[in-house]
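J.: Below you'll find data.tsv; it's TSV, C-alpha atoms.
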```tsv
chain	number	residue	atom	x	y	z
A	1	MET	CA	-127.87	26.58	102.15
A	2	ARG	CA	-126.72	28.34	99.00
A	3	VAL	CA	-123.08	28.20	97.96
A	4	ARG	CA	-121.73	31.06	95.89
A	5	ARG	CA	-118.37	31.93	94.42
A	6	PRO	CA	-117.04	35.44	95.18
A	7	GLY	CA	-116.40	37.57	92.11
A	8	GLY	CA	-113.09	39.23	91.36
A	9	GLY	CA	-112.19	41.83	88.77
A	10	ARG	CA	-113.56	41.96	85.24
A	11	ASP	CA	-112.12	38.50	84.54
A	12	GLY	CA	-113.18	37.07	87.90
A	13	VAL	CA	-109.54	36.98	89.07
A	14	VAL	CA	-108.87	37.40	92.78
A	15	LYS	CA	-105.61	37.23	94.75
A	16	PRO	CA	-106.58	34.14	96.78
A	17	ALA	CA	-107.01	30.85	94.93
A	18	PRO	CA	-110.64	30.35	93.81
A	19	PHE	CA	-113.04	29.06	96.46
A	20	ASP	CA	-116.77	28.74	97.08
A	21	TYR	CA	-118.40	30.64	99.94
A	22	VAL	CA	-121.35	29.97	102.22
A	23	ALA	CA	-122.73	31.85	105.27
A	24	PRO	CA	-124.95	29.46	107.29
A	25	ASP	CA	-127.41	30.64	109.94
A	26	GLY	CA	-127.24	27.74	112.41
A	27	VAL	CA	-124.73	25.35	113.96
A	28	GLU	CA	-126.10	22.25	112.22
A	29	GLU	CA	-126.05	24.02	108.87
A	30	ALA	CA	-122.46	25.08	109.51
A	31	LEU	CA	-121.47	21.51	110.37
A	32	ALA	CA	-123.07	20.24	107.19
A	33	ALA	CA	-121.01	22.72	105.19
A	34	LEU	CA	-117.81	21.87	107.07
A	35	ALA	CA	-118.34	18.20	106.21
A	36	LEU	CA	-117.88	18.99	102.51
A	37	PRO	CA	-114.44	18.26	100.97
A	38	GLY	CA	-111.96	21.12	101.32
A	39	ALA	CA	-114.19	23.21	103.64
A	40	ARG	CA	-112.61	25.67	106.06
A	41	PRO	CA	-114.36	27.79	108.72
A	42	LEU	CA	-114.00	31.58	108.67
A	43	ALA	CA	-114.36	33.38	112.01
A	44	GLY	CA	-112.94	36.91	112.26
A	45	GLY	CA	-110.58	36.35	109.34
A	46	GLN	CA	-107.64	38.20	110.88
A	47	SER	CA	-105.39	35.12	110.57
A	48	LEU	CA	-107.02	33.24	107.70
A	49	ILE	CA	-107.52	36.04	105.16
A	50	PRO	CA	-103.78	36.91	104.95
A	51	LEU	CA	-103.03	33.20	104.46
A	52	LEU	CA	-105.61	33.05	101.66
A	53	SER	CA	-104.13	36.14	100.03
A	54	ALA	CA	-100.66	34.61	100.15
A	55	ARG	CA	-102.14	31.31	98.85
A	56	ARG	CA	-100.69	29.45	101.80
A	57	GLU	CA	-104.26	28.23	102.41
A	58	ARG	CA	-106.37	27.01	99.47
A	59	PRO	CA	-109.76	25.86	100.76
A	60	ARG	CA	-112.35	24.74	98.25
A	61	LEU	CA	-115.16	26.13	100.42
A	62	LEU	CA	-115.09	28.94	102.97
A	63	VAL	CA	-117.77	28.62	105.68
A	64	ASP	CA	-118.40	32.06	107.19
A	65	LEU	CA	-119.52	31.70	110.83
A	66	GLY	CA	-120.48	35.35	111.28
A	67	ARG	CA	-124.24	34.71	110.97
A	68	VAL	CA	-124.44	31.51	113.03
A	69	ARG	CA	-126.90	32.09	115.87
A	70	GLY	CA	-125.73	31.78	119.49
A	71	LEU	CA	-121.99	31.74	118.87
A	72	ALA	CA	-121.28	35.24	120.20
A	73	ASP	CA	-122.99	35.05	123.61
A	74	VAL	CA	-121.09	35.96	126.79
A	75	ARG	CA	-122.65	34.51	129.94
A	76	VAL	CA	-121.77	34.11	133.61
A	77	GLY	CA	-123.34	30.90	134.91
A	78	GLY	CA	-124.91	30.10	138.25
A	79	ASP	CA	-121.65	28.47	139.36
A	80	GLY	CA	-119.80	31.72	138.73
A	81	GLY	CA	-118.06	30.40	135.62
A	82	LEU	CA	-117.73	32.28	132.33
A	83	ARG	CA	-118.96	31.00	128.96
A	84	LEU	CA	-117.65	32.76	125.85
A	85	GLY	CA	-119.26	31.92	122.55
A	86	ALA	CA	-116.58	31.08	120.00
A	87	MET	CA	-117.50	34.10	117.85
A	88	THR	CA	-117.10	36.55	120.75
A	89	ARG	CA	-115.05	39.44	119.42
A	90	GLN	CA	-111.72	40.00	121.09
A	91	ALA	CA	-112.64	43.63	121.73
A	92	THR	CA	-115.54	42.40	123.88
A	93	LEU	CA	-113.02	41.12	126.42
A	94	GLU	CA	-111.76	44.69	126.80
A	95	ARG	CA	-115.19	46.23	127.24
A	96	ASP	CA	-117.18	43.67	129.22
A	97	GLU	CA	-117.12	44.62	132.92
A	98	ARG	CA	-118.01	41.07	133.99
A	99	VAL	CA	-114.84	39.82	132.32
A	100	ALA	CA	-112.79	42.64	133.84
A	101	ALA	CA	-114.08	41.91	137.34
A	102	GLY	CA	-113.92	38.12	137.31
A	103	TRP	CA	-111.17	37.26	134.81
A	104	PRO	CA	-108.89	40.33	134.54
A	105	LEU	CA	-106.12	38.30	132.89
A	106	LEU	CA	-108.23	38.15	129.71
A	107	ARG	CA	-108.49	41.92	129.46
A	108	GLU	CA	-104.78	42.29	130.18
A	109	ALA	CA	-103.76	39.69	127.56
A	110	VAL	CA	-106.12	40.81	124.80
A	111	ARG	CA	-104.69	44.33	124.86
A	112	HIS	CA	-101.49	42.83	123.48
A	113	VAL	CA	-103.32	41.33	120.49
A	114	GLY	CA	-102.86	43.27	117.26
A	115	HIS	CA	-104.48	46.69	117.43
A	116	VAL	CA	-108.00	48.04	117.90
A	117	ALA	CA	-109.15	47.33	114.35
A	118	THR	CA	-108.02	43.70	114.38
A	119	ARG	CA	-109.48	43.08	117.85
A	120	THR	CA	-112.81	44.46	116.66
A	121	ARG	CA	-112.95	41.78	113.94
A	122	GLY	CA	-110.91	38.98	115.53
A	123	THR	CA	-112.71	36.35	117.62
A	124	VAL	CA	-111.73	34.46	120.75
A	125	GLY	CA	-112.60	31.11	119.22
A	126	GLY	CA	-110.75	31.90	116.03
A	127	SER	CA	-107.57	32.56	117.99
A	128	VAL	CA	-107.93	29.27	119.88
A	129	ALA	CA	-108.78	27.16	116.83
A	130	HIS	CA	-106.08	28.72	114.66
A	131	ALA	CA	-103.53	27.75	117.34
A	132	ASP	CA	-100.77	30.18	116.42
A	133	PRO	CA	-97.84	29.29	118.72
A	134	ALA	CA	-97.34	32.95	119.68
A	135	ALA	CA	-101.00	33.83	120.29
A	136	GLN	CA	-101.69	35.62	123.57
A	137	LEU	CA	-105.29	34.59	124.25
A	138	PRO	CA	-104.71	30.81	124.24
A	139	ALA	CA	-101.93	31.31	126.80
A	140	ALA	CA	-104.17	33.35	129.08
A	141	LEU	CA	-107.05	30.90	128.67
A	142	LEU	CA	-104.77	27.96	129.49
A	143	ALA	CA	-103.61	29.70	132.67
A	144	LEU	CA	-107.25	30.23	133.63
A	145	GLY	CA	-108.14	26.54	133.19
A	146	ALA	CA	-110.35	26.95	130.12
A	147	ARG	CA	-112.28	24.07	128.56
A	148	LEU	CA	-113.56	24.01	124.99
A	149	ARG	CA	-116.95	22.83	123.76
A	150	VAL	CA	-116.54	21.34	120.30
A	151	ARG	CA	-119.42	20.14	118.11
A	152	GLY	CA	-118.90	17.57	115.39
A	153	PRO	CA	-120.69	14.90	113.36
A	154	ASP	CA	-120.71	12.60	116.41
A	155	GLY	CA	-122.09	15.18	118.80
A	156	GLU	CA	-120.48	17.51	121.35
A	157	ARG	CA	-117.30	16.91	123.31
A	158	VAL	CA	-115.40	18.87	125.95
A	159	VAL	CA	-111.68	19.41	125.35
A	160	GLU	CA	-109.14	20.64	127.86
A	161	LEU	CA	-107.31	23.57	126.35
A	162	GLY	CA	-103.79	22.42	125.54
A	163	ALA	CA	-104.94	19.09	124.09
A	164	ARG	CA	-104.64	18.38	120.38
A	165	ALA	CA	-107.41	17.23	118.08
A	166	GLY	CA	-105.62	13.94	117.49
A	167	GLY	CA	-104.57	13.39	121.11
A	168	ALA	CA	-101.53	14.58	123.03
A	169	GLY	CA	-99.25	16.51	120.70
A	170	GLU	CA	-95.51	16.05	120.55
A	171	ARG	CA	-92.98	18.83	120.26
A	172	VAL	CA	-91.77	19.54	116.74
A	173	ALA	CA	-88.31	18.08	116.09
A	174	GLU	CA	-85.46	20.56	116.19
A	175	GLY	CA	-85.19	22.34	112.88
A	176	GLY	CA	-88.71	21.29	111.92
A	177	GLU	CA	-91.43	23.69	110.88
A	178	ARG	CA	-95.03	23.66	112.01
A	179	ALA	CA	-97.78	25.20	109.91
A	180	ALA	CA	-99.89	27.83	111.65
A	181	GLY	CA	-102.98	26.21	113.04
A	182	ALA	CA	-101.59	22.67	112.80
A	183	GLY	CA	-102.24	20.49	115.80
A	184	GLY	CA	-104.96	22.70	117.24
A	185	PRO	CA	-107.78	21.42	119.45
A	186	VAL	CA	-110.45	21.35	116.71
A	187	ALA	CA	-110.37	18.66	114.03
A	188	ALA	CA	-111.47	19.07	110.40
A	189	GLY	CA	-115.25	18.97	110.15
A	190	GLU	CA	-115.71	20.11	113.77
A	191	LEU	CA	-116.84	23.46	115.11
A	192	LEU	CA	-115.69	25.19	118.29
A	193	VAL	CA	-118.87	26.57	119.85
A	194	ALA	CA	-117.77	27.91	123.26
A	195	ILE	CA	-114.92	28.43	125.71
A	196	GLU	CA	-115.73	27.87	129.38
A	197	LEU	CA	-113.73	29.15	132.34
A	198	PRO	CA	-114.14	28.35	136.04
A	199	PRO	CA	-114.40	31.23	138.51
A	200	LEU	CA	-111.11	32.54	139.79
A	201	PRO	CA	-110.26	31.53	143.37
A	202	HIS	CA	-110.81	34.27	145.94
A	203	GLY	CA	-107.81	36.58	146.14
A	204	ALA	CA	-106.19	35.24	142.96
A	205	ARG	CA	-103.55	37.46	141.36
A	206	CYS	CA	-102.98	37.54	137.59
A	207	ALA	CA	-100.38	39.04	135.29
A	208	PHE	CA	-99.35	38.89	131.63
A	209	ALA	CA	-96.24	40.13	129.82
A	210	GLU	CA	-94.67	39.60	126.42
A	211	HIS	CA	-91.54	40.53	124.47
A	212	ARG	CA	-91.25	41.75	120.88
A	213	GLU	CA	-88.16	43.05	119.13
A	214	THR	CA	-90.21	45.91	117.66
A	215	ALA	CA	-93.67	47.24	118.44
A	216	ALA	CA	-95.10	45.71	115.26
A	217	GLY	CA	-92.92	42.62	115.29
A	218	PRO	CA	-93.92	39.07	116.18
A	219	VAL	CA	-94.12	37.89	119.77
A	220	VAL	CA	-90.81	36.28	120.77
A	221	ALA	CA	-91.77	35.33	124.32
A	222	GLY	CA	-94.65	35.73	126.70
A	223	ALA	CA	-95.93	34.63	130.08
A	224	ALA	CA	-99.33	34.40	131.76
A	225	ALA	CA	-99.60	33.72	135.49
A	226	VAL	CA	-102.42	33.06	137.94
A	227	VAL	CA	-101.56	32.59	141.62
A	228	ALA	CA	-103.90	31.91	144.54
A	229	ASP	CA	-103.49	30.26	147.93
A	230	GLY	CA	-101.95	26.87	147.26
A	231	ARG	CA	-102.47	27.09	143.49
A	232	ALA	CA	-100.39	28.44	140.63
A	233	ALA	CA	-100.57	28.37	136.84
A	234	LEU	CA	-97.63	29.65	134.81
A	235	VAL	CA	-97.95	29.49	131.03
A	236	VAL	CA	-95.18	30.53	128.66
A	237	ILE	CA	-95.13	31.49	124.99
A	238	GLY	CA	-92.02	30.77	122.93
A	239	ALA	CA	-90.80	27.60	124.62
A	240	ALA	CA	-92.79	25.11	122.51
A	241	ASP	CA	-95.12	24.89	119.52
A	242	GLY	CA	-97.94	26.37	121.56
A	243	PRO	CA	-98.66	27.75	125.05
A	244	LEU	CA	-96.97	25.59	127.66
A	245	ARG	CA	-97.58	25.13	131.39
A	246	VAL	CA	-94.33	24.39	133.20
A	247	ALA	CA	-95.08	22.29	136.28
A	248	ALA	CA	-91.61	22.62	137.78
A	249	ALA	CA	-91.80	26.42	137.66
A	250	GLU	CA	-95.29	26.40	139.15
A	251	GLN	CA	-94.16	24.25	142.07
A	252	ALA	CA	-91.14	26.48	142.67
A	253	LEU	CA	-93.45	29.49	142.71
A	254	LEU	CA	-95.68	27.82	145.30
A	255	ASP	CA	-92.60	26.92	147.37
A	256	GLY	CA	-91.60	30.59	147.54
A	257	ALA	CA	-88.50	30.23	145.36
A	258	PRO	CA	-86.78	33.40	144.13
A	259	HIS	CA	-88.16	34.82	140.90
A	260	GLU	CA	-84.84	34.06	139.20
A	261	THR	CA	-85.24	30.36	139.97
A	262	VAL	CA	-88.86	30.26	138.79
A	263	ALA	CA	-87.96	32.14	135.58
A	264	ARG	CA	-85.07	29.79	134.82
A	265	LEU	CA	-87.31	26.74	135.22
A	266	ALA	CA	-90.08	28.29	133.13
A	267	ALA	CA	-87.72	29.13	130.27
A	268	ALA	CA	-85.82	25.82	130.34
A	269	PRO	CA	-87.98	24.08	127.68
A	270	ALA	CA	-87.00	26.71	125.06
A	271	ARG	CA	-84.37	25.24	122.75
A	272	ASP	CA	-83.11	28.51	121.31
A	273	LEU	CA	-80.69	30.13	123.77
A	274	TYR	CA	-81.73	33.66	122.86
A	275	VAL	CA	-85.42	32.86	123.28
A	276	ARG	CA	-84.64	31.17	126.58
A	277	ALA	CA	-82.93	34.30	127.89
A	278	VAL	CA	-85.70	36.61	126.68
A	279	LEU	CA	-88.37	34.30	128.05
A	280	ALA	CA	-86.72	34.15	131.47
A	281	ASP	CA	-86.69	37.95	131.60
A	282	THR	CA	-90.35	38.07	130.53
A	283	VAL	CA	-91.31	35.61	133.28
A	284	ARG	CA	-89.41	37.70	135.85
A	285	ARG	CA	-91.36	40.78	134.79
A	286	THR	CA	-94.62	38.85	135.04
A	287	LEU	CA	-93.81	37.56	138.52
A	288	GLY	CA	-92.75	41.02	139.64
A	289	ARG	CA	-96.27	42.24	138.98
A	290	LEU	CA	-97.72	39.49	141.17
A	291	ALA	CA	-95.65	39.82	144.34
A	292	PRO	CA	-92.27	40.99	145.63
A	293	ASP	CA	-89.34	38.69	144.92
A	294	PRO	CA	-88.69	36.49	148.00
A	295	ALA	CA	-84.95	36.85	147.30
A	296	ALA	CA	-85.11	40.63	147.62
A	297	ARG	CA	-83.43	41.84	150.79
A	298	PRO	CA	-83.35	45.37	152.20
A	299	GLY	CA	-80.01	47.08	151.75
A	300	PRO	CA	-77.60	47.50	154.66
A	301	ALA	CA	-78.55	50.15	157.17
A	302	ALA	CA	-76.74	53.41	156.67
A	303	ARG	CA	-73.95	54.05	159.16
A	304	PRO	CA	-74.63	56.97	161.46
A	305	ASP	CA	-72.70	60.12	160.72
A	306	PRO	CA	-70.16	60.64	163.55
A	307	ALA	CA	-70.61	64.38	163.24
A	308	ALA	CA	-74.26	63.97	164.10
A	309	ARG	CA	-73.65	61.97	167.31
A	310	PRO	CA	-74.85	63.70	170.47
A	311	ASP	CA	-72.14	65.11	172.76
A	312	HIS	CA	-72.00	63.11	176.01
A	313	GLY	CA	-69.40	65.45	177.61
A	314	GLY	CA	-66.42	63.17	176.99
A	315	SER	CA	-62.91	64.73	176.69
A	316	ALA	CA	-61.33	65.13	173.31
```
Written as structure tokens, that's how I'd like the structure from this file.

T.:
Amino acid sequence: MRVRRPGGGRDGVVKPAPFDYVAPDGVEEALAALALPGARPLAGGQSLIPLLSARRERPRLLVDLGRVRGLADVRVGGDGGLRLGAMTRQATLERDERVAAGWPLLREAVRHVGHVATRTRGTVGGSVAHADPAAQLPAALLALGARLRVRGPDGERVVELGARAGGAGERVAEGGERAAGAGGPVAAGELLVAIELPPLPHGARCAFAEHRETAAGPVVAGAAAVVADGRAALVVIGAADGPLRVAAAEQALLDGAPHETVARLAAAPARDLYVRAVLADTVRRTLGRLAPDPAARPGPAARPDPAARPDHGGSA
């Protein structure tokens, strides 16, 4: 494994803080590099590179995962489940017909991520490991019951998506600020190798929606839903410091509650009143794409026009 330092201009000056760079070929080689002090993995770079340029991230060593063998495979197993290598490009979720047929929520959610150029470079695993609170793919994956395969110095472990590297995470205190990527499922020195999803139940319905103030603005609120007979998963974006399943809203959905009730319960964890209102509306839109609102009632029948009544020969 050879470590090299990227060159800059004539004086070797670059916008990011200086760092060393390595591009390993295998998982074990990548883990060895990540064990070095100040090492940081580089997947698609769509989140990390801007942070490097702004010097909000200052790794001593950048470990490029683009050449690591076996990290970009997409496979459907004998049990009908889906395995996505961590370096699977986001654009693959749009193009792969197996994903479209078996897990349509992924295709629907990924189309909200950035634009074509960023999805071509961005990776599924990078989005999960970076753990941006407003990211769409982690919300969809959580609704689909994804599990993560993480490799580290002590071997491989399976992590339920939504768990934190250091255990169950707590909500940030009001007024606090959480760094992007903090509290994600992958600890320093570890490598996310794959995301695994169970097959969708027969007849499952899925929907995703989000809200932005402008087309290019950040995501303010979002919702991903999966509903099948006797099962429901409703995940919201904007209510916490990451995608959040709201059990009370899921139960209300299963009980046939009106969409307004389900949306209010789903948005309740949001502390900001504006975000709560926007999130409730986003959840209502998501539910409306799954099924008609149980509270909807047909309007009153139109009264017959007296002039159109048949003449029964009565006197005037």

J.: Taking all atoms listed in the file into account, produce a table as a tab-separated table in which each residue of region 148-267 of chain A with an atom at most 10 Å from an atom of region 93-103 of chain A appears once, together with its shortest atom pair and the distance in Å to one decimal, ordered by chain and rising number.

T.:
```
residue	atom	partner	partner_atom	distance
A:Leu197	CA	A:Trp103	CA	8.9
A:Pro198	CA	A:Trp103	CA	9.5
A:Pro199	CA	A:Gly102	CA	7.0
A:Leu200	CA	A:Gly102	CA	6.7
A:Pro201	CA	A:Gly102	CA	9.7
A:His202	CA	A:Gly102	CA	9.9
A:Ala204	CA	A:Trp103	CA	9.8
A:Cys206	CA	A:Trp103	CA	8.7
```

J.: Residues within 10 Å of Glu57 (chain A), please, as a short mmCIF file (atom, residue, chain, number, x, y, z; two decimals) with C-alpha atoms, in the coordinates of the input. Count all atoms listed in the file; anything in the same chain fewer than 6 positions from it doesn't count.

T.:
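The resulting file, selection_18.cif, is shown below:
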```
data_model
loop_
_atom_site.label_atom_id
_atom_site.label_comp_id
_atom_site.auth_asym_id
_atom_site.auth_seq_id
_atom_site.Cartn_x
_atom_site.Cartn_y
_atom_site.Cartn_z
CA PRO A 16 -106.58 34.14 96.78
CA ALA A 17 -107.01 30.85 94.93
CA ARG A 40 -112.61 25.67 106.06
CA LEU A 48 -107.02 33.24 107.70
CA ILE A 49 -107.52 36.04 105.16
CA PRO A 50 -103.78 36.91 104.95
CA LEU A 51 -103.03 33.20 104.46
#
```

J.: For CA of Gly222 (chain A) and CA of Ala54 (chain A), determine how far apart the two atoms are, in Å to one decimal place.

T.: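 Result for CA of Gly222 (chain A) versus CA of Ala54 (chain A): 27.2 Å, one decimal.
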
J.: If I take CA of Arg111 (chain A) and CA of Ala223 (chain A), how far is one from the other in Å, to one decimal?

T.: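 About the pair CA of Arg111 (chain A) and CA of Ala223 (chain A): they are 14.1 Å apart.
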
J.: Please compute the CA of Phe208 (chain A)-CA of Val262 (chain A) distance, one decimal, in Å.

T.: 15.4 Å

J.: Select, from A:Ala249, A:Val226, A:Val128, A:Leu36, the residue with the minimum atom-to-atom distance to Leu290 (chain A), counting only C-alpha atoms.

T.: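 Of the candidates, the smallest distance to Leu290 (chain A) is held by A:Val226.
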
J.: Quick one: residues within 7 Å of region 108-110 of chain A, all atoms listed in the file, excluding same-chain residues fewer than 6 positions away - as a list of chain:residue names?

T.: A:Gln90, A:Gln136, A:Leu137, A:Ala140, A:Phe208

J.: Contacts of Arg245 (chain A) at 9 Å or less, counting all atoms listed in the file, minus same-chain residues fewer than 4 places along, as a list in words?

T.: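 Using all atoms listed in the file, the neighbours found are Ala139, Leu142, Ala143, Gly162, Ala233, Leu234, Val235, Val236, Ala249, Glu250 and Ala266 of chain A.
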
J.: Keeping only C-alpha atoms, take the residues you just selected and write them out as a PDB file, in the coordinates of the input.

T.:
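Result saved to result-v2.pdb:
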```pdb
ATOM      1  CA  ALA A 139    -101.930  31.310 126.800  1.00  0.00           C
ATOM      2  CA  LEU A 142    -104.770  27.960 129.490  1.00  0.00           C
ATOM      3  CA  ALA A 143    -103.610  29.700 132.670  1.00  0.00           C
ATOM      4  CA  GLY A 162    -103.790  22.420 125.540  1.00  0.00           C
ATOM      5  CA  ALA A 233    -100.570  28.370 136.840  1.00  0.00           C
ATOM      6  CA  LEU A 234     -97.630  29.650 134.810  1.00  0.00           C
ATOM      7  CA  VAL A 235     -97.950  29.490 131.030  1.00  0.00           C
ATOM      8  CA  VAL A 236     -95.180  30.530 128.660  1.00  0.00           C
ATOM      9  CA  ALA A 249     -91.800  26.420 137.660  1.00  0.00           C
ATOM     10  CA  GLU A 250     -95.290  26.400 139.150  1.00  0.00           C
ATOM     11  CA  ALA A 266     -90.080  28.290 133.130  1.00  0.00           C
TER      12      ALA A 266
END
```

J.: Quick one: of A:Arg149, A:Asp64, A:Ala209, A:Gly114, who's nearest to Arg83 (chain A), counting all atoms listed in the file?

T.: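 For Arg83 (chain A), the nearest of the candidates is A:Arg149.
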
J.: Closest to Arg121 (chain A) among A:Ala91, A:Ala263, A:Leu61, A:Val159, using all atoms listed in the file?

T.: A:Ala91

J.: Out of A:Gly77, A:Pro104, A:Gly203, A:Gly45, which residue has the shortest atom-to-atom distance to Gly126 (chain A) when counting all atoms listed in the file?

T.: A:Gly45

J.: Calculated over only C-alpha atoms, which of the candidates A:Ala129, A:Ala221, A:Ala247, A:Leu65 has the smallest distance to Arg276 (chain A)?

T.: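 Looking only at the distances to Arg276 (chain A), the closest residue turns out to be A:Ala221.
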
J.: Could you check the closest approach to Arg55 (chain A) for each of A:Asp255, A:Arg205, A:Leu71, A:Lys15 and tell me which residue wins, using all atoms listed in the file?

T.: A:Lys15
